[in-house]
file input02.csv (CSV, C-alpha atoms)
chain,number,residue,atom,x,y,z
A,264,MET,CA,43.3,39.5,17.7
A,265,GLU,CA,44.0,39.5,21.5
A,266,TYR,CA,40.2,39.0,22.1
A,267,GLY,CA,40.3,35.9,19.9
A,268,PHE,CA,38.7,37.8,17.0
A,269,THR,CA,38.8,36.0,13.7
A,270,GLU,CA,40.8,37.6,10.8
A,271,GLU,CA,37.4,38.8,9.4
A,272,ALA,CA,36.5,40.5,12.7
A,273,ALA,CA,40.0,42.1,13.0
A,274,ALA,CA,39.8,43.3,9.4
A,275,GLY,CA,36.4,44.8,10.0
A,276,ALA,CA,37.7,46.8,12.9
A,277,CYS,CA,40.8,48.0,10.9
A,278,GLY,CA,38.6,49.0,8.0
A,279,ASN,CA,36.7,51.4,10.3
A,280,ILE,CA,39.9,52.7,11.9
A,281,TRP,CA,41.4,53.3,8.5
A,282,GLN,CA,38.3,55.4,7.5
A,283,GLU,CA,38.2,57.3,10.8
A,284,CYS,CA,41.8,58.3,11.0
A,285,THR,CA,44.0,56.6,8.4
A,286,PHE,CA,45.8,54.9,11.3
A,287,ASN,CA,46.9,58.3,12.7
A,288,PRO,CA,46.2,58.5,16.4
A,289,SER,CA,47.3,62.1,16.8
A,290,ILE,CA,44.3,63.6,14.9
A,291,ALA,CA,41.4,65.0,16.9
A,292,GLY,CA,39.3,62.2,18.3
A,293,GLY,CA,42.0,59.6,17.9
A,294,ILE,CA,41.7,56.2,16.1
A,295,VAL,CA,38.0,55.7,17.0
A,296,GLN,CA,37.2,59.4,16.7
A,297,TRP,CA,36.0,59.6,20.3
A,298,MET,CA,33.8,62.6,20.9
A,299,GLY,CA,32.0,64.2,23.9
A,300,ASN,CA,32.0,62.1,27.0
A,301,ARG,CA,33.9,59.3,25.3
A,302,GLN,CA,36.7,61.7,24.5
A,303,LYS,CA,36.7,63.0,28.1
A,304,GLY,CA,37.0,59.3,29.1
A,305,LEU,CA,40.0,58.9,26.9
A,306,ILE,CA,41.8,61.9,28.4
A,307,SER,CA,41.0,60.8,31.9
A,308,TYR,CA,42.3,57.3,31.1
A,309,ALA,CA,45.5,58.7,29.7
A,310,GLY,CA,46.3,60.5,33.0
A,311,ASP,CA,49.8,61.9,32.9
A,312,ARG,CA,50.4,60.2,29.5
A,313,ASP,CA,49.7,61.9,26.1
A,314,TRP,CA,46.3,60.8,25.0
A,315,ARG,CA,47.6,60.9,21.4
A,316,GLU,CA,49.9,57.9,22.0
A,317,LEU,CA,48.7,54.9,20.1
A,318,SER,CA,49.3,52.6,23.1
A,319,VAL,CA,47.0,54.8,25.3
A,320,GLN,CA,44.3,54.7,22.7
A,321,ILE,CA,44.5,50.9,22.3
A,322,GLY,CA,44.3,50.5,26.0
A,323,PHE,CA,41.2,52.8,26.2
A,324,MET,CA,39.6,50.9,23.3
A,325,LYS,CA,40.1,47.6,25.1
A,326,LYS,CA,38.6,49.2,28.2
A,327,GLU,CA,35.5,50.2,26.2
A,328,LEU,CA,35.2,46.8,24.7
A,329,ASP,CA,35.3,45.2,28.1
A,330,SER,CA,32.8,47.7,29.5
A,331,GLY,CA,30.0,46.7,27.2
A,332,TYR,CA,30.9,47.7,23.6
A,333,LEU,CA,32.0,44.2,22.7
A,334,GLN,CA,28.7,42.8,24.1
A,335,SER,CA,26.8,45.3,22.0
A,336,MET,CA,28.9,44.5,18.9
A,337,ASN,CA,28.2,40.8,19.3
A,338,LYS,CA,24.4,41.5,19.4
A,339,VAL,CA,24.6,43.5,16.2
A,340,MET,CA,26.8,40.8,14.7
A,341,GLY,CA,24.2,38.2,15.6
A,342,ARG,CA,21.6,40.1,13.6
A,343,LEU,CA,23.9,40.6,10.6
A,344,SER,CA,25.5,37.1,10.4
A,345,GLY,CA,23.1,34.5,11.6
A,346,GLY,CA,24.1,34.5,15.3
A,347,ALA,CA,27.8,34.8,14.8
A,348,VAL,CA,30.0,36.8,17.2
A,349,MET,CA,33.4,38.5,16.8
A,350,VAL,CA,35.3,35.3,17.8
A,351,ASN,CA,33.7,33.1,15.1
A,352,VAL,CA,32.4,35.4,12.3
A,353,ARG,CA,33.6,34.6,8.8
A,354,ASN,CA,32.0,37.5,7.0
A,355,VAL,CA,34.2,40.6,6.6
A,356,GLN,CA,31.3,43.0,5.7
A,357,ALA,CA,29.3,41.9,8.7
A,358,ALA,CA,32.2,42.4,11.0
A,359,CYS,CA,32.9,45.8,9.5
A,360,ASP,CA,29.2,46.8,9.8
A,361,ALA,CA,29.0,45.6,13.4
A,362,TRP,CA,32.0,47.6,14.5
A,363,CYS,CA,30.6,50.7,12.6
A,364,VAL,CA,27.2,50.4,14.3
A,365,ALA,CA,28.3,49.5,17.9
A,366,MET,CA,31.8,51.1,18.3
A,367,GLU,CA,31.6,54.1,16.0
A,368,GLY,CA,27.9,54.8,16.2
A,369,CYS,CA,28.2,57.0,13.1
A,370,ALA,CA,24.6,56.7,11.8
A,371,CYS,CA,23.3,59.3,9.3
A,372,GLN,CA,19.6,58.7,10.4
A,373,ASP,CA,17.6,58.6,13.6
A,374,GLY,CA,15.3,55.7,14.4
A,375,SER,CA,12.5,57.1,12.2
A,376,GLY,CA,14.8,57.4,9.2
A,377,LYS,CA,15.2,61.1,9.4
A,378,LEU,CA,18.6,62.4,8.5
A,379,TYR,CA,20.5,64.0,11.4
A,380,PRO,CA,21.5,67.7,11.0
A,381,GLY,CA,24.5,68.0,8.6
A,382,HIS,CA,23.7,64.8,6.8
A,383,ALA,CA,22.0,66.2,3.7
A,384,LYS,CA,21.2,63.8,0.9
A,385,VAL,CA,24.3,64.8,-1.0
A,386,HIS,CA,26.4,63.7,2.0
A,387,ASN,CA,24.2,60.6,2.5
A,388,ALA,CA,25.2,59.4,-1.0
A,389,ALA,CA,28.6,58.5,0.6
A,390,CYS,CA,26.8,56.3,3.1
A,391,ALA,CA,25.5,52.8,2.9
A,392,GLN,CA,22.8,51.0,4.7
A,393,THR,CA,22.9,48.2,7.3
A,394,LEU,CA,20.1,47.0,9.5
A,395,GLY,CA,17.8,49.5,7.8
A,396,LYS,CA,19.8,52.7,8.6
A,397,SER,CA,22.6,54.4,6.7
A,398,TYR,CA,26.0,55.0,8.2
A,399,GLN,CA,28.8,57.5,7.3
A,400,HIS,CA,31.1,56.2,4.5
A,401,LEU,CA,30.1,52.6,5.2
A,402,GLU,CA,31.0,51.6,1.7
A,403,LYS,CA,34.6,52.9,2.2
A,404,ARG,CA,34.8,51.1,5.5
A,405,ARG,CA,33.8,47.9,3.8
A,406,GLU,CA,36.3,48.4,1.0
A,407,TYR,CA,39.2,49.1,3.5
A,408,ALA,CA,38.2,46.1,5.6
A,409,GLN,CA,38.3,43.8,2.6
A,410,LYS,CA,41.7,45.1,1.6
A,411,VAL,CA,43.0,44.5,5.1
A,412,TYR,CA,41.5,41.0,5.1
A,413,ASN,CA,42.9,40.0,1.7
A,414,ALA,CA,46.4,41.0,2.7
A,415,MET,CA,46.2,39.3,6.1
A,416,VAL,CA,45.1,36.1,4.6
A,417,LEU,CA,47.0,36.2,1.2
A,418,GLN,CA,50.2,38.0,2.2
A,419,GLY,CA,50.8,37.0,5.8
A,420,ASP,CA,49.8,40.3,7.4
A,421,PHE,CA,47.8,43.4,6.4
A,422,ILE,CA,50.7,45.8,6.0
A,423,GLY,CA,51.5,46.4,2.4
A,424,GLY,CA,48.5,44.5,1.2
A,425,ASN,CA,46.0,47.3,1.8
A,426,PHE,CA,48.4,49.6,-0.2
A,427,ALA,CA,48.9,47.1,-3.0
A,428,GLY,CA,49.4,48.7,-6.4
A,429,MET,CA,49.8,52.2,-4.8
A,430,ALA,CA,52.7,54.5,-5.5
A,431,THR,CA,54.9,55.8,-2.7
A,432,ASP,CA,53.2,59.2,-2.5
A,433,GLU,CA,49.7,57.6,-2.6
A,434,ILE,CA,50.6,55.5,0.5
A,435,LEU,CA,52.0,58.5,2.3
A,436,HIS,CA,49.0,60.6,1.6
A,437,GLN,CA,46.7,57.8,2.9
A,438,LEU,CA,48.7,57.6,6.2
A,439,PHE,CA,49.4,61.4,6.5
A,440,PRO,CA,46.4,63.3,5.1
A,441,LYS,CA,47.8,66.7,5.9
A,442,LEU,CA,50.7,66.0,3.5
A,443,LYS,CA,50.7,68.0,0.3
A,444,GLY,CA,52.9,67.2,-2.7
A,445,SER,CA,55.9,64.8,-2.4
A,446,TYR,CA,56.5,62.7,0.7
A,447,LYS,CA,59.8,64.6,1.0
A,448,MET,CA,57.8,67.5,2.3
A,449,LEU,CA,56.6,65.4,5.3
A,450,GLY,CA,58.5,67.6,7.8
A,451,THR,CA,56.7,70.7,6.6
A,452,TYR,CA,53.3,69.3,7.6
A,453,TYR,CA,54.1,67.1,10.6
A,454,SER,CA,56.2,67.9,13.6
A,455,GLU,CA,58.4,65.4,15.3
A,456,ALA,CA,55.9,65.1,18.2
A,457,GLU,CA,53.1,64.4,15.8
A,458,MET,CA,55.1,61.7,14.0
A,459,ASN,CA,56.3,60.2,17.2
A,460,ALA,CA,52.8,59.8,18.4
A,461,MET,CA,52.1,57.5,15.4
A,462,MET,CA,55.0,55.2,16.2
A,463,ALA,CA,55.1,51.9,18.1
A,464,THR,CA,58.1,50.2,19.8
A,465,VAL,CA,59.3,46.8,18.4
A,466,ARG,CA,61.9,44.6,19.9
A,467,ALA,CA,64.1,42.5,17.5
A,468,ALA,CA,63.5,39.0,18.7
A,469,GLY,CA,66.5,37.3,20.2
A,470,THR,CA,68.1,40.6,21.1
A,471,ASN,CA,67.6,43.5,23.5
A,472,LYS,CA,67.4,46.0,20.6
A,473,THR,CA,64.3,48.0,20.0
A,474,ILE,CA,63.2,50.4,17.3
A,475,ARG,CA,60.2,52.7,16.7
A,476,VAL,CA,58.2,52.2,13.5
A,477,HIS,CA,54.8,53.4,12.3
A,478,ALA,CA,52.0,51.5,14.1
A,479,CYS,CA,50.7,50.2,10.8
A,480,ILE,CA,53.8,48.1,10.2
A,481,ALA,CA,54.8,47.3,13.8
A,482,ASP,CA,53.2,43.8,14.0
A,483,GLY,CA,54.7,42.9,10.6
A,484,VAL,CA,58.2,44.1,11.6
A,485,LYS,CA,58.0,42.2,14.8
A,486,ALA,CA,57.0,39.0,12.9
A,487,ALA,CA,59.9,39.5,10.5
A,488,PHE,CA,62.4,39.6,13.3
A,489,GLU,CA,60.8,36.6,15.0
A,490,GLU,CA,61.2,34.7,11.7
A,491,LEU,CA,64.9,35.7,11.5
A,492,ALA,CA,65.5,34.7,15.1
A,493,ALA,CA,63.9,31.3,14.4
A,494,GLN,CA,66.2,30.8,11.4
A,495,GLY,CA,69.3,31.8,13.4
A,496,PHE,CA,70.1,35.1,11.6
A,497,GLN,CA,72.1,37.4,13.9
A,498,VAL,CA,70.7,40.9,14.2
A,499,GLU,CA,73.4,43.2,15.6
A,500,GLN,CA,72.2,46.6,14.3
A,501,VAL,CA,68.7,47.9,13.6
A,502,GLY,CA,67.2,51.3,12.9
A,503,GLY,CA,63.7,52.6,12.3
A,504,PHE,CA,61.9,55.9,12.8
A,505,THR,CA,64.2,58.9,12.8
A,506,TYR,CA,62.8,62.4,12.2
A,507,ARG,CA,65.5,63.6,9.8
A,508,GLY,CA,66.2,64.5,6.2
A,509,ILE,CA,67.9,62.3,3.6
A,510,ALA,CA,71.5,61.4,4.4
A,511,ARG,CA,73.9,63.3,2.1
A,512,ASN,CA,77.7,63.8,2.2
A,513,GLY,CA,78.1,62.8,5.9
A,514,GLY,CA,75.1,64.9,7.0
A,515,TYR,CA,71.4,65.2,6.6
A,516,LEU,CA,69.3,67.4,4.4
A,517,LEU,CA,66.4,69.4,5.9
A,518,VAL,CA,63.5,67.2,7.0
A,519,LYS,CA,61.0,69.9,5.9
A,520,THR,CA,61.9,69.6,2.3
A,521,ASN,CA,63.9,66.4,1.9
A,522,ALA,CA,62.5,64.0,4.4
A,523,SER,CA,64.1,60.5,4.7
A,524,PHE,CA,61.7,57.6,4.4
A,525,HIS,CA,62.7,56.8,8.0
A,526,ALA,CA,60.9,60.0,9.0
A,527,SER,CA,57.6,58.3,8.1
A,528,GLY,CA,58.4,55.3,10.3
A,529,LEU,CA,57.9,53.0,7.3
A,530,ALA,CA,61.5,51.9,6.9
A,531,VAL,CA,63.8,49.6,8.8
A,532,ASP,CA,67.6,49.2,8.5
A,533,VAL,CA,69.4,46.0,9.5
A,534,ASN,CA,73.2,45.3,10.0
A,535,TRP,CA,74.5,48.3,8.0
A,536,SER,CA,78.1,47.5,8.9
A,537,TRP,CA,77.9,44.4,6.6
A,538,SER,CA,75.1,45.6,4.3
A,539,PRO,CA,76.1,49.0,3.0
A,540,GLN,CA,74.4,51.6,0.7
A,541,PHE,CA,75.9,52.2,-2.7
A,542,SER,CA,75.4,55.5,-4.5
A,543,GLY,CA,74.9,55.1,-8.2
A,544,THR,CA,74.8,51.7,-9.7
A,545,PRO,CA,78.3,50.1,-9.4
A,546,GLY,CA,79.0,46.6,-10.8
A,547,ILE,CA,79.4,43.4,-8.8
A,548,GLU,CA,83.2,43.8,-8.4
A,549,VAL,CA,82.8,47.0,-6.5
A,550,ILE,CA,79.9,45.7,-4.4
A,551,ARG,CA,81.7,42.6,-3.4
A,552,LYS,CA,84.5,44.6,-1.8
A,553,THR,CA,82.2,45.5,1.2
A,554,TYR,CA,79.1,43.3,0.8
A,555,LYS,CA,79.9,39.6,1.2
A,556,PRO,CA,76.7,37.6,1.9
A,557,GLN,CA,78.3,34.3,0.9
A,558,THR,CA,80.9,34.5,3.7
A,559,GLU,CA,79.6,37.1,6.2
A,560,PRO,CA,76.6,35.7,8.2
A,561,ARG,CA,75.6,39.1,9.4
A,562,ALA,CA,75.2,40.5,5.9
A,563,VAL,CA,71.5,41.0,4.9
A,564,ASN,CA,70.7,38.2,2.5
A,565,ARG,CA,67.8,36.6,0.8
A,566,MET,CA,66.6,35.0,4.1
A,567,VAL,CA,66.2,38.5,5.5
A,568,TYR,CA,64.6,39.7,2.2
A,569,HIS,CA,61.9,36.9,2.4
A,570,ALA,CA,61.2,37.6,6.1
A,571,PHE,CA,60.4,41.2,5.4
A,572,LYS,CA,58.8,40.7,2.1
A,573,SER,CA,56.3,38.3,3.7
A,574,GLN,CA,55.2,41.3,5.8
A,575,GLY,CA,54.9,43.8,2.9
A,576,LEU,CA,58.3,45.5,3.2
A,577,LEU,CA,60.6,45.4,0.1
A,578,TRP,CA,64.4,45.5,-0.1
A,579,GLY,CA,66.4,48.7,-0.9
A,580,ARG,CA,68.6,46.4,-3.0
A,581,ASP,CA,66.0,46.9,-5.7
A,582,PHE,CA,66.0,50.7,-6.0
A,583,GLY,CA,66.5,51.9,-9.5
A,584,SER,CA,69.3,54.5,-9.1
A,585,TRP,CA,71.2,53.2,-6.0
A,586,TYR,CA,71.5,50.1,-3.9
A,587,ASP,CA,70.6,50.2,-0.2
A,588,LEU,CA,71.3,46.7,1.2
A,589,MET,CA,70.5,47.4,4.8
A,590,HIS,CA,67.1,48.9,4.0
A,591,PHE,CA,63.5,47.6,4.0
A,592,SER,CA,60.4,49.8,3.6
A,593,LEU,CA,56.7,49.9,2.7
A,594,GLY,CA,55.9,51.2,-0.7
A,595,GLU,CA,59.2,52.8,-1.5
A,596,VAL,CA,60.6,50.1,-3.9
A,597,SER,CA,58.8,50.2,-7.3
A,598,GLN,CA,60.1,46.9,-8.8
A,599,ASP,CA,60.7,44.0,-6.5
A,600,GLY,CA,63.6,41.8,-7.6
A,601,ARG,CA,65.0,44.4,-10.0
A,602,ASN,CA,68.6,43.9,-8.8
A,603,ALA,CA,68.5,40.2,-7.8
A,604,TRP,CA,71.8,39.8,-9.5
A,605,ILE,CA,73.5,41.5,-6.5
A,606,THR,CA,72.6,38.7,-4.1
A,607,ASN,CA,72.8,36.0,-6.8
A,608,GLY,CA,76.4,36.8,-7.1
A,609,THR,CA,76.4,37.4,-10.8
A,610,GLU,CA,76.2,40.6,-12.9
A,611,GLY,CA,73.2,39.4,-14.7
A,612,SER,CA,70.7,41.6,-16.5
A,613,ARG,CA,70.1,45.1,-15.2
call {"tool": "encode", "arguments": {"input": "input02.csv", "output": "structure tokens"}}
result
Amino acid sequence: MEYGFTEEAAAGACGNIWQECTFNPSIAGGIVQWMGNRQKGLISYAGDRDWRELSVQIGFMKKELDSGYLQSMNKVMGRLSGGAVMVNVRNVQAACDAWCVAMEGCACQDGSGKLYPGHAKVHNAACAQTLGKSYQHLEKRREYAQKVYNAMVLQGDFIGGNFAGMATDEILHQLFPKLKGSYKMLGTYYSEAEMNAMMATVRAAGTNKTIRVHACIADGVKAAFEELAAQGFQVEQVGGFTYRGIARNGGYLLVKTNASFHASGLAVDVNWSWSPQFSGTPGIEVIRKTYKPQTEPRAVNRMVYHAFKSQGLLWGRDFGSWYDLMHFSLGEVSQDGRNAWITNGTEGSR
């Protein structure tokens, strides 16, 4: 959006990146799957930095756009969408196709229509055509772009929306394709260095506190904190990505077999001193001894809930077998509002 792209154009770019790397910058080729001389250019641009860092790859992508790729993309866009360019296009599919053609260059055919080596007809069935040529997995790119757009427009940001209706393990497998089995096995398939490369730094607005979260939720988390600052909520404690196992009995289980959701970078904790976690499902009398949102302004409350929910992250208050009042995460809560009685102040229906 820094280039003044419309939501449709930004969604088109994200749909391609989702297909290329599932938003994982540490895989070979990075978020745009740079190969050959372009990959050498990325490594050269990185210098002393790790080329797998998302910030490095975004910087290099901007450099490529400025060096002619954006101009090429706009020319393609003009053919696809009646003279539109990326700053005024209102067609998600056209934006997706233009990014695919100009930035990814992943055609299945040469200029004469002949399939490139390795693109047999059985593979080509996964492709779709635009401007008279077929491109790798273009239908999937379009599908992902539309999901991103729908969530950006209808839900305030694309996080959460492109995973709507998906179970926790499905979301994790989209973001971490090497993962096999339950997300609790995350540490078996991804090292701390690999996970750290997928994270971005977010500052809680109105404070000097920063956290690391997965890049796919970074903008949404930043927006949630900005909303809280605007409403005067005091953030004193905040936590995000931590490569560790589930907390248990004052320690942590093994990250290789019992990964915490924080190890995925998809969870945020806020003001835990006033918003504790309760094991089991105690009644309101027990909860009110340490959680007092009516009288303690730093306790996580419905204002905080709505700020994070608008960005696709749901409240750990609504877990089925325990209550985690400091915790917000993407895809981990299966039933939003399940335990609303806790913050309504009445026992209510369970």
call {"tool": "closest_residue", "arguments": {"input": "input02.csv", "among": "A:Asp599, A:Glu406, A:Glu316, A:Asp581", "to": "Gly275 (chain A)", "atoms": "only C-alpha atoms"}}
result
A:Glu406
call {"tool": "residues_around", "arguments": {"input": "input02.csv", "residues": "Leu516 (chain A)", "least_positions_apart": "5", "cutoff": "12 Å", "atoms": "all atoms listed in the file", "output": "list of chain:residue names"}}
result
A:Lys447, A:Met448, A:Gly450, A:Tyr506, A:Arg507, A:Gly508, A:Ile509, A:Ala510, A:Arg511, A:Asn521, A:Ala522, A:Ser523
call {"tool": "residues_around", "arguments": {"input": "input02.csv", "residues": "Gly502 (chain A)", "least_positions_apart": "6", "cutoff": "8 Å", "atoms": "only C-alpha atoms", "output": "JSON list (two decimals) with C-alpha atoms, in the frame of the given file"}}
result
[["chain", "number", "residue", "atom", "x", "y", "z"],
["A", 474, "ILE", "CA", 63.20, 50.40, 17.30],
["A", 531, "VAL", "CA", 63.80, 49.60, 8.80],
["A", 532, "ASP", "CA", 67.60, 49.20, 8.50],
["A", 533, "VAL", "CA", 69.40, 46.00, 9.50]]
call {"tool": "atom_distance", "arguments": {"input": "input02.csv", "atom1": "CA of Cys359 (chain A)", "atom2": "CA of Ala487 (chain A)"}}
result
27.7 Å
call {"tool": "closest_residue", "arguments": {"input": "input02.csv", "among": "A:Gly267, A:Gly483, A:Pro545, A:Pro560", "to": "Ser573 (chain A)", "atoms": "only C-alpha atoms"}}
result
A:Gly483
call {"tool": "residues_near_point", "arguments": {"input": "input02.csv", "point": "(59.1, 57.0, 17.0)", "cutoff": "10 Å", "atoms": "only C-alpha atoms", "output": "PyMOL selection string"}}
result
chain A and resi 455-464+474-478+503-506+525-528
call {"tool": "atom_distance", "arguments": {"input": "input02.csv", "atom1": "CA of Leu401 (chain A)", "atom2": "CA of Arg342 (chain A)"}}
result
17.3 Å
call {"tool": "residues_around", "arguments": {"input": "input02.csv", "residues": "Arg561 (chain A)", "least_positions_apart": "6", "cutoff": "12 Å", "atoms": "all atoms listed in the file", "output": "list in words"}}
result
Leu491, Gly495, Phe496, Gln497, Val498, Glu499, Gln500, Val501, Val533, Asn534, Trp535, Ser536, Trp537, Ser538, Pro539, Tyr554, Lys555, Val567, Leu588 and Met589 of chain A
call {"tool": "write_last_selection", "arguments": {"input": "input02.csv", "atoms": "C-alpha atoms", "output": "mmCIF file, keeping the file's coordinate frame"}}
result
data_model
loop_
_atom_site.group_PDB
_atom_site.id
_atom_site.type_symbol
_atom_site.label_atom_id
_atom_site.label_comp_id
_atom_site.auth_asym_id
_atom_site.auth_seq_id
_atom_site.Cartn_x
_atom_site.Cartn_y
_atom_site.Cartn_z
ATOM 1 C CA LEU A 491 64.900 35.700 11.500
ATOM 2 C CA GLY A 495 69.300 31.800 13.400
ATOM 3 C CA PHE A 496 70.100 35.100 11.600
ATOM 4 C CA GLN A 497 72.100 37.400 13.900
ATOM 5 C CA VAL A 498 70.700 40.900 14.200
ATOM 6 C CA GLU A 499 73.400 43.200 15.600
ATOM 7 C CA GLN A 500 72.200 46.600 14.300
ATOM 8 C CA VAL A 501 68.700 47.900 13.600
ATOM 9 C CA VAL A 533 69.400 46.000 9.500
ATOM 10 C CA ASN A 534 73.200 45.300 10.000
ATOM 11 C CA TRP A 535 74.500 48.300 8.000
ATOM 12 C CA SER A 536 78.100 47.500 8.900
ATOM 13 C CA TRP A 537 77.900 44.400 6.600
ATOM 14 C CA SER A 538 75.100 45.600 4.300
ATOM 15 C CA PRO A 539 76.100 49.000 3.000
ATOM 16 C CA TYR A 554 79.100 43.300 0.800
ATOM 17 C CA LYS A 555 79.900 39.600 1.200
ATOM 18 C CA VAL A 567 66.200 38.500 5.500
ATOM 19 C CA LEU A 588 71.300 46.700 1.200
ATOM 20 C CA MET A 589 70.500 47.400 4.800
#
call {"tool": "closest_residue", "arguments": {"input": "input02.csv", "among": "A:Asn300, A:Asn337, A:Asn471, A:Asn413", "to": "Met366 (chain A)", "atoms": "only C-alpha atoms"}}
result
A:Asn337
